[in-house]
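Input: a single structure, listed below in structure tokens.
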Amino acid sequence: MSSERILFQGAWVFDPFTTEWERRDICTVSGVVKPFSSCLDPHIKVALKGYWVLPGFVDSHCHLVGLGARFRSLDLSRYTDLGTLFADIKSWMAKNDGQDVYIFRGWDEQRLCRTPSKHDIHRWLGPDVKVILVRYCGHVGVLSDTLCHELGITDPDGLVSERELNRALDAFPRTKEELERDFLTGAREALKYGVTCVHSEDYHRCHLDDLIYLLQNQKEIRIFEKLNLDFQEFQKFRNVFGVLSDFSTVGSLKLYLDGSLGGRTAYLSEPYVDAPIRGKLNLSLGELAKYLFLTRQLSVQVSLHVIGDAALDVAFKSLLQHPQIAKPRLIHLQVTRKDQLEKLKLFDVHLSVQPYFWMADSGMARKRIGNRMETSYAFREMYLRGMKLSFSSDAPVEPID
């Protein structure tokens, strides 16, 4: 990184402590803001002429590697019919021949009018391809016939979700070079929009040693990494938590209590309006207790993925049983009841929510939960109640811009 002293002159600067704008000069040395006295003899002067300057944005929950991966594959989020989708997939595969498996993400059954299946893959791409089509939420996918046979998937349409989907994806880990490329692409995409710090979760389809090495050596973006580990991994790699460098900290254990509302794997207290199911609870109270006991021993923060109201009930019970865990964080909280909003204030928890979901999910969510929408996506009410709230994109699920 350059050690040049740069003086930015004449900017309107927002002070987050006073919440006021002040006209001032800014001095940076090696890319870090320094006292003005450090720039008495600057190498470069930049006249900002009254431009407005904000502190860098913080995204409190995203997936940088997943964001970067979208730029080296075919993004399925724009397609509205299966014929065009599979024609473009076939063309992309022909241009990128020789891969062990082809993984594409972004399909949405609302836009496509139905959910794709392994029979569609067979019809348009052939019987022997190894293809995984991941829904845009990342919690549901479709496997080709060949992969279903190899991995023992018995669903008649090749549909998988949660642990089964993760098992299929983890069978084809990224190389060290692919991991670094996807991370750097994701980081630079974030920086392009002024996001200079992220809380990211990236331990998917990669080796943990490769991810830790990358975090130790990267100097692109400030990152607080959350690791999604099974219990054996958590016991084995307990020492990875902590500060890795000036740019990277492994600060939290990430656990998925349930899945996604769109994929009908969010865990609800009442059945979905459009399906006679309540979703999936990924960790029982007993399984969760083992993790929380160890996080308390190690003083490691736990971040719980919670989308359905029944999953939030499980989180409440667990937090009551383990009141001394360090700064627990709840992520998403899309489906909530009135009694839960009142109870949330009683817990000393940090909430990471995605306001963009209100716009992106509204049509789908009402089909899934009906009148429960009246007390769901209640991010404004959480803010007005004075809860410890931070905002995020969940990129690549939604744009990081």
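Starting from 1 in every chain, residues are counted up; chains themselves are A, B, ... following the order of the structure tokens, and ligands are numbered from 1 as listed.
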
Where does stretch 247-307 of chain A meet stretch 338-357 of chain A within 10 Å, residue by residue, with the nearest atom pair and distance in Å to one decimal for each, counting only C-alpha atoms, listed by chain and rising number, as CSV?
```
residue,atom,partner,partner_atom,distance
A:Ser303,CA,A:His350,CA,9.1
A:Leu304,CA,A:Leu351,CA,9.8
A:His305,CA,A:Ser352,CA,9.6
```

Name the residues in contact with stretch 19-36 of chain A at a cut-off of 10 Å, using only C-alpha atoms, excluding same-chain residues fewer than 5 positions from it; report them as a compact mmCIF listing (two decimals) with N, CA and C atoms, in the first residue's frame.
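And here is the file that came out, around_5.txt:
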```txt
# COMPACT_ATOMS: atom_id res chain seq x y z
N MET A 1 0.84 -1.19 0.00
CA MET A 1 0.00 0.00 0.00
C MET A 1 0.88 1.24 0.00
N SER A 2 0.49 2.27 -0.76
CA SER A 2 1.29 3.48 -0.87
C SER A 2 1.38 4.19 0.48
N SER A 3 2.57 4.78 0.76
CA SER A 3 2.76 5.56 1.99
C SER A 3 2.61 7.05 1.72
N GLU A 4 2.07 7.41 0.56
CA GLU A 4 1.92 8.81 0.22
C GLU A 4 0.95 9.52 1.16
N ARG A 5 1.27 10.77 1.45
CA ARG A 5 0.39 11.62 2.24
C ARG A 5 -0.52 12.38 1.27
N ILE A 6 -1.82 12.21 1.45
CA ILE A 6 -2.79 12.85 0.56
C ILE A 6 -3.66 13.80 1.37
N LEU A 7 -3.82 15.00 0.89
CA LEU A 7 -4.66 15.99 1.56
C LEU A 7 -5.89 16.27 0.69
N PHE A 8 -7.06 15.91 1.22
CA PHE A 8 -8.33 16.18 0.54
C PHE A 8 -8.86 17.50 1.10
N GLN A 9 -9.07 18.46 0.23
CA GLN A 9 -9.39 19.82 0.68
C GLN A 9 -10.83 20.21 0.36
N GLY A 10 -11.44 20.91 1.31
CA GLY A 10 -12.73 21.56 1.06
C GLY A 10 -13.92 20.64 0.97
N ALA A 11 -13.95 19.57 1.77
CA ALA A 11 -15.07 18.62 1.73
C ALA A 11 -16.07 18.92 2.84
N TRP A 12 -17.31 18.59 2.58
CA TRP A 12 -18.31 18.55 3.65
C TRP A 12 -18.27 17.14 4.23
N VAL A 13 -17.87 17.03 5.48
CA VAL A 13 -17.62 15.73 6.10
C VAL A 13 -18.69 15.45 7.16
N PHE A 14 -19.30 14.27 7.08
CA PHE A 14 -20.30 13.88 8.07
C PHE A 14 -19.62 13.29 9.29
N PRO A 42 2.05 17.50 2.16
CA PRO A 42 1.45 16.36 1.45
C PRO A 42 2.10 16.11 0.10
N HIS A 43 2.08 14.83 -0.30
CA HIS A 43 2.54 14.48 -1.64
C HIS A 43 1.52 14.90 -2.70
N LYS A 45 -2.44 16.81 -3.34
CA LYS A 45 -3.58 17.58 -2.87
C LYS A 45 -4.76 17.34 -3.81
N VAL A 46 -5.92 17.04 -3.22
CA VAL A 46 -7.13 16.79 -4.01
C VAL A 46 -8.19 17.80 -3.59
N ALA A 47 -8.61 18.65 -4.51
CA ALA A 47 -9.63 19.66 -4.22
C ALA A 47 -11.02 19.04 -4.40
N LEU A 48 -11.74 18.84 -3.31
CA LEU A 48 -13.06 18.21 -3.38
C LEU A 48 -14.17 19.22 -3.65
N GLY A 50 -16.28 21.11 -2.11
CA GLY A 50 -17.60 21.04 -1.48
C GLY A 50 -18.33 19.73 -1.65
N TYR A 51 -17.66 18.69 -2.15
CA TYR A 51 -18.30 17.37 -2.23
C TYR A 51 -18.59 16.85 -0.82
N TRP A 52 -19.59 15.99 -0.73
CA TRP A 52 -19.99 15.43 0.55
C TRP A 52 -19.24 14.13 0.79
N VAL A 53 -18.69 13.97 1.97
CA VAL A 53 -17.88 12.80 2.31
C VAL A 53 -18.49 12.10 3.52
N LEU A 54 -18.72 10.81 3.37
CA LEU A 54 -19.28 9.97 4.44
C LEU A 54 -18.24 8.97 4.91
```

Residues at most 9 Å from A:Ile153, counting only C-alpha atoms, excluding those fewer than 6 positions away in the same chain, as a list of chain:residue names?
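Within the cut-off, the hits are A:Leu143, A:Leu147, A:Leu159, A:Val160, A:Glu164.
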
Among the residues of stretch 256-343 of chain A, find those DSSP assigns to strand (DSSP E or B) from the backbone and print them as a PyMOL selection string.
chain A and resi 256+301-306+329-332

Need the shell around A:Tyr272: protein/DNA/RNA residues with any atom at most 9 Å away, counting only C-alpha atoms. Skip same-chain ones fewer than 5 positions apart. Format as a PDB file with N, CA and C atoms, in the first residue's frame?
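And here's out-v9.pdb as it stands now:
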```pdb
ATOM      1  N   ARG A 264     -39.295 -22.349   1.766  1.00  0.00           N
ATOM      2  CA  ARG A 264     -40.175 -23.022   2.732  1.00  0.00           C
ATOM      3  C   ARG A 264     -39.388 -23.877   3.732  1.00  0.00           C
ATOM      4  N   ILE A 277     -46.727 -27.576   5.614  1.00  0.00           N
ATOM      5  CA  ILE A 277     -45.486 -27.853   6.338  1.00  0.00           C
ATOM      6  C   ILE A 277     -45.125 -26.626   7.170  1.00  0.00           C
ATOM      7  N   ARG A 278     -44.208 -26.823   8.121  1.00  0.00           N
ATOM      8  CA  ARG A 278     -43.770 -25.716   8.986  1.00  0.00           C
ATOM      9  C   ARG A 278     -42.306 -25.361   8.769  1.00  0.00           C
ATOM     10  N   GLY A 279     -41.648 -25.975   7.785  1.00  0.00           N
ATOM     11  CA  GLY A 279     -40.241 -25.698   7.555  1.00  0.00           C
ATOM     12  C   GLY A 279     -39.343 -26.649   8.316  1.00  0.00           C
ATOM     13  N   LYS A 367     -47.596 -14.794   0.042  1.00  0.00           N
ATOM     14  CA  LYS A 367     -48.077 -16.115  -0.370  1.00  0.00           C
ATOM     15  C   LYS A 367     -47.697 -17.182   0.647  1.00  0.00           C
ATOM     16  N   ARG A 368     -46.546 -17.004   1.284  1.00  0.00           N
ATOM     17  CA  ARG A 368     -46.062 -18.011   2.227  1.00  0.00           C
ATOM     18  C   ARG A 368     -46.738 -17.911   3.596  1.00  0.00           C
ATOM     19  N   ILE A 369     -46.934 -16.675   4.097  1.00  0.00           N
ATOM     20  CA  ILE A 369     -47.385 -16.537   5.495  1.00  0.00           C
ATOM     21  C   ILE A 369     -48.663 -15.720   5.655  1.00  0.00           C
ATOM     22  N   GLY A 370     -49.233 -15.205   4.573  1.00  0.00           N
ATOM     23  CA  GLY A 370     -50.523 -14.530   4.647  1.00  0.00           C
ATOM     24  C   GLY A 370     -50.544 -13.355   5.611  1.00  0.00           C
TER      25      GLY A 370
END
```

Check the smallest atom-to-atom distance from each of A:Gln232, A:Gln110, A:Ser73, A:Gln218 to A:Asp88 using only C-alpha atoms, then report the winner.
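For A:Asp88, the nearest of the given residues is A:Ser73.
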
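Between atom CA of A:Arg111 and atom CA of A:Thr80 the interatomic distance comes to 5.0 Å.
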
Residue list (alpha helix (DSSP H), DSSP) for stretch 22-241 of chain A, as a ChimeraX atom specification:
/A:64-69,82-95,109-112,118-125,145-151,162-170,176-192,208-217,231-236

Write out as an MDAnalysis selection string the residues lying within 12 Å of A:Leu253, counting only C-alpha atoms and excluding same-chain residues fewer than 3 positions away.
chainID A and resid 199:203 224:231 233:235 237:238 240:242 250 256 288 291:292 294:296 298:305 325:330

Put those residues in a file: C-alpha atoms, as an mmCIF file, in the first residue's frame.
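Written file, selection_3.cif:
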```cif
data_model
loop_
_atom_site.group_PDB
_atom_site.id
_atom_site.type_symbol
_atom_site.label_atom_id
_atom_site.label_comp_id
_atom_site.auth_asym_id
_atom_site.auth_seq_id
_atom_site.Cartn_x
_atom_site.Cartn_y
_atom_site.Cartn_z
ATOM 1 C CA HIS A 199 -19.312 -9.001 8.560
ATOM 2 C CA SER A 200 -19.026 -11.937 6.182
ATOM 3 C CA GLU A 201 -19.589 -15.680 6.263
ATOM 4 C CA ASP A 202 -17.491 -17.549 3.711
ATOM 5 C CA TYR A 203 -16.724 -21.063 4.943
ATOM 6 C CA PHE A 224 -15.207 -9.670 10.620
ATOM 7 C CA GLU A 225 -15.550 -13.301 9.585
ATOM 8 C CA LYS A 226 -18.274 -15.593 10.905
ATOM 9 C CA LEU A 227 -17.504 -19.310 10.644
ATOM 10 C CA ASN A 228 -20.241 -21.902 10.169
ATOM 11 C CA LEU A 229 -18.670 -24.985 11.786
ATOM 12 C CA ASP A 230 -20.104 -28.323 12.792
ATOM 13 C CA PHE A 231 -19.482 -29.231 16.415
ATOM 14 C CA GLU A 233 -14.867 -28.614 13.684
ATOM 15 C CA PHE A 234 -15.656 -26.094 16.405
ATOM 16 C CA GLN A 235 -13.859 -28.235 18.965
ATOM 17 C CA PHE A 237 -10.462 -25.281 15.365
ATOM 18 C CA ARG A 238 -11.398 -23.319 18.478
ATOM 19 C CA VAL A 240 -8.813 -19.751 14.972
ATOM 20 C CA PHE A 241 -11.084 -17.192 16.619
ATOM 21 C CA GLY A 242 -9.531 -13.793 17.233
ATOM 22 C CA VAL A 250 -12.556 -14.208 13.004
ATOM 23 C CA TYR A 256 -28.251 -21.875 11.080
ATOM 24 C CA LEU A 288 -27.581 -25.890 20.169
ATOM 25 C CA TYR A 291 -22.398 -25.104 20.930
ATOM 26 C CA LEU A 292 -23.469 -22.395 23.364
ATOM 27 C CA LEU A 294 -18.459 -24.067 24.362
ATOM 28 C CA THR A 295 -18.878 -20.490 23.066
ATOM 29 C CA ARG A 296 -19.324 -19.364 26.661
ATOM 30 C CA LEU A 298 -14.160 -19.659 24.870
ATOM 31 C CA SER A 299 -15.796 -16.192 25.015
ATOM 32 C CA VAL A 300 -16.693 -16.539 21.328
ATOM 33 C CA GLN A 301 -19.682 -14.658 19.960
ATOM 34 C CA VAL A 302 -22.466 -16.754 18.432
ATOM 35 C CA SER A 303 -24.503 -15.519 15.464
ATOM 36 C CA LEU A 304 -27.800 -17.315 14.912
ATOM 37 C CA HIS A 305 -29.531 -17.398 11.526
ATOM 38 C CA ILE A 325 -22.679 -16.016 26.331
ATOM 39 C CA ALA A 326 -20.818 -13.079 24.782
ATOM 40 C CA LYS A 327 -22.840 -10.562 22.741
ATOM 41 C CA PRO A 328 -25.143 -12.973 20.870
ATOM 42 C CA ARG A 329 -26.279 -11.838 17.434
ATOM 43 C CA LEU A 330 -29.539 -12.755 15.682
#
```

Restricting the calculation to only C-alpha atoms: of A:Tyr383, A:Phe247, A:Gly259, A:Pro399, which residue gets closest to A:Leu165?
A:Gly259

Gap from atom CA of A:Ala168 to atom CA of A:Pro276 - Å, one decimal:
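Taking atom CA of A:Ala168 as the start and atom CA of A:Pro276 as the end point, the length is 26.5 Å.
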
So that I can check the surroundings of stretch 309-322 of chain A, please list as a VMD selection string every protein, DNA and RNA residue that reaches within 7 Å of it, counting only C-alpha atoms and ignoring chain neighbours fewer than 4 positions away.
chain A and resid 257 to 258 267 to 269 281 285 289 292 335 to 337

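With distances taken over only C-alpha atoms, A:Leu184 is the one residue among A:Leu184, A:Ile89, A:Tyr79, A:Arg205 lying closest to A:Lys219.
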
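Residues surrounding A:Arg380 within 12 Å are Leu341, Val353, Gln354, Pro355, Trp358, Thr375, Ser376, Leu384, Arg385, Gly386, Met387, Leu389, Ser390 and Phe391 of chain A [only C-alpha atoms; sequence separation below 4 positions excluded].
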
Distance criterion (only C-alpha atoms): nearest to A:Gly141 out of A:Asp128, A:Glu162, A:Glu374, A:Glu381:
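Smallest separation from A:Gly141 among the options: A:Glu162.
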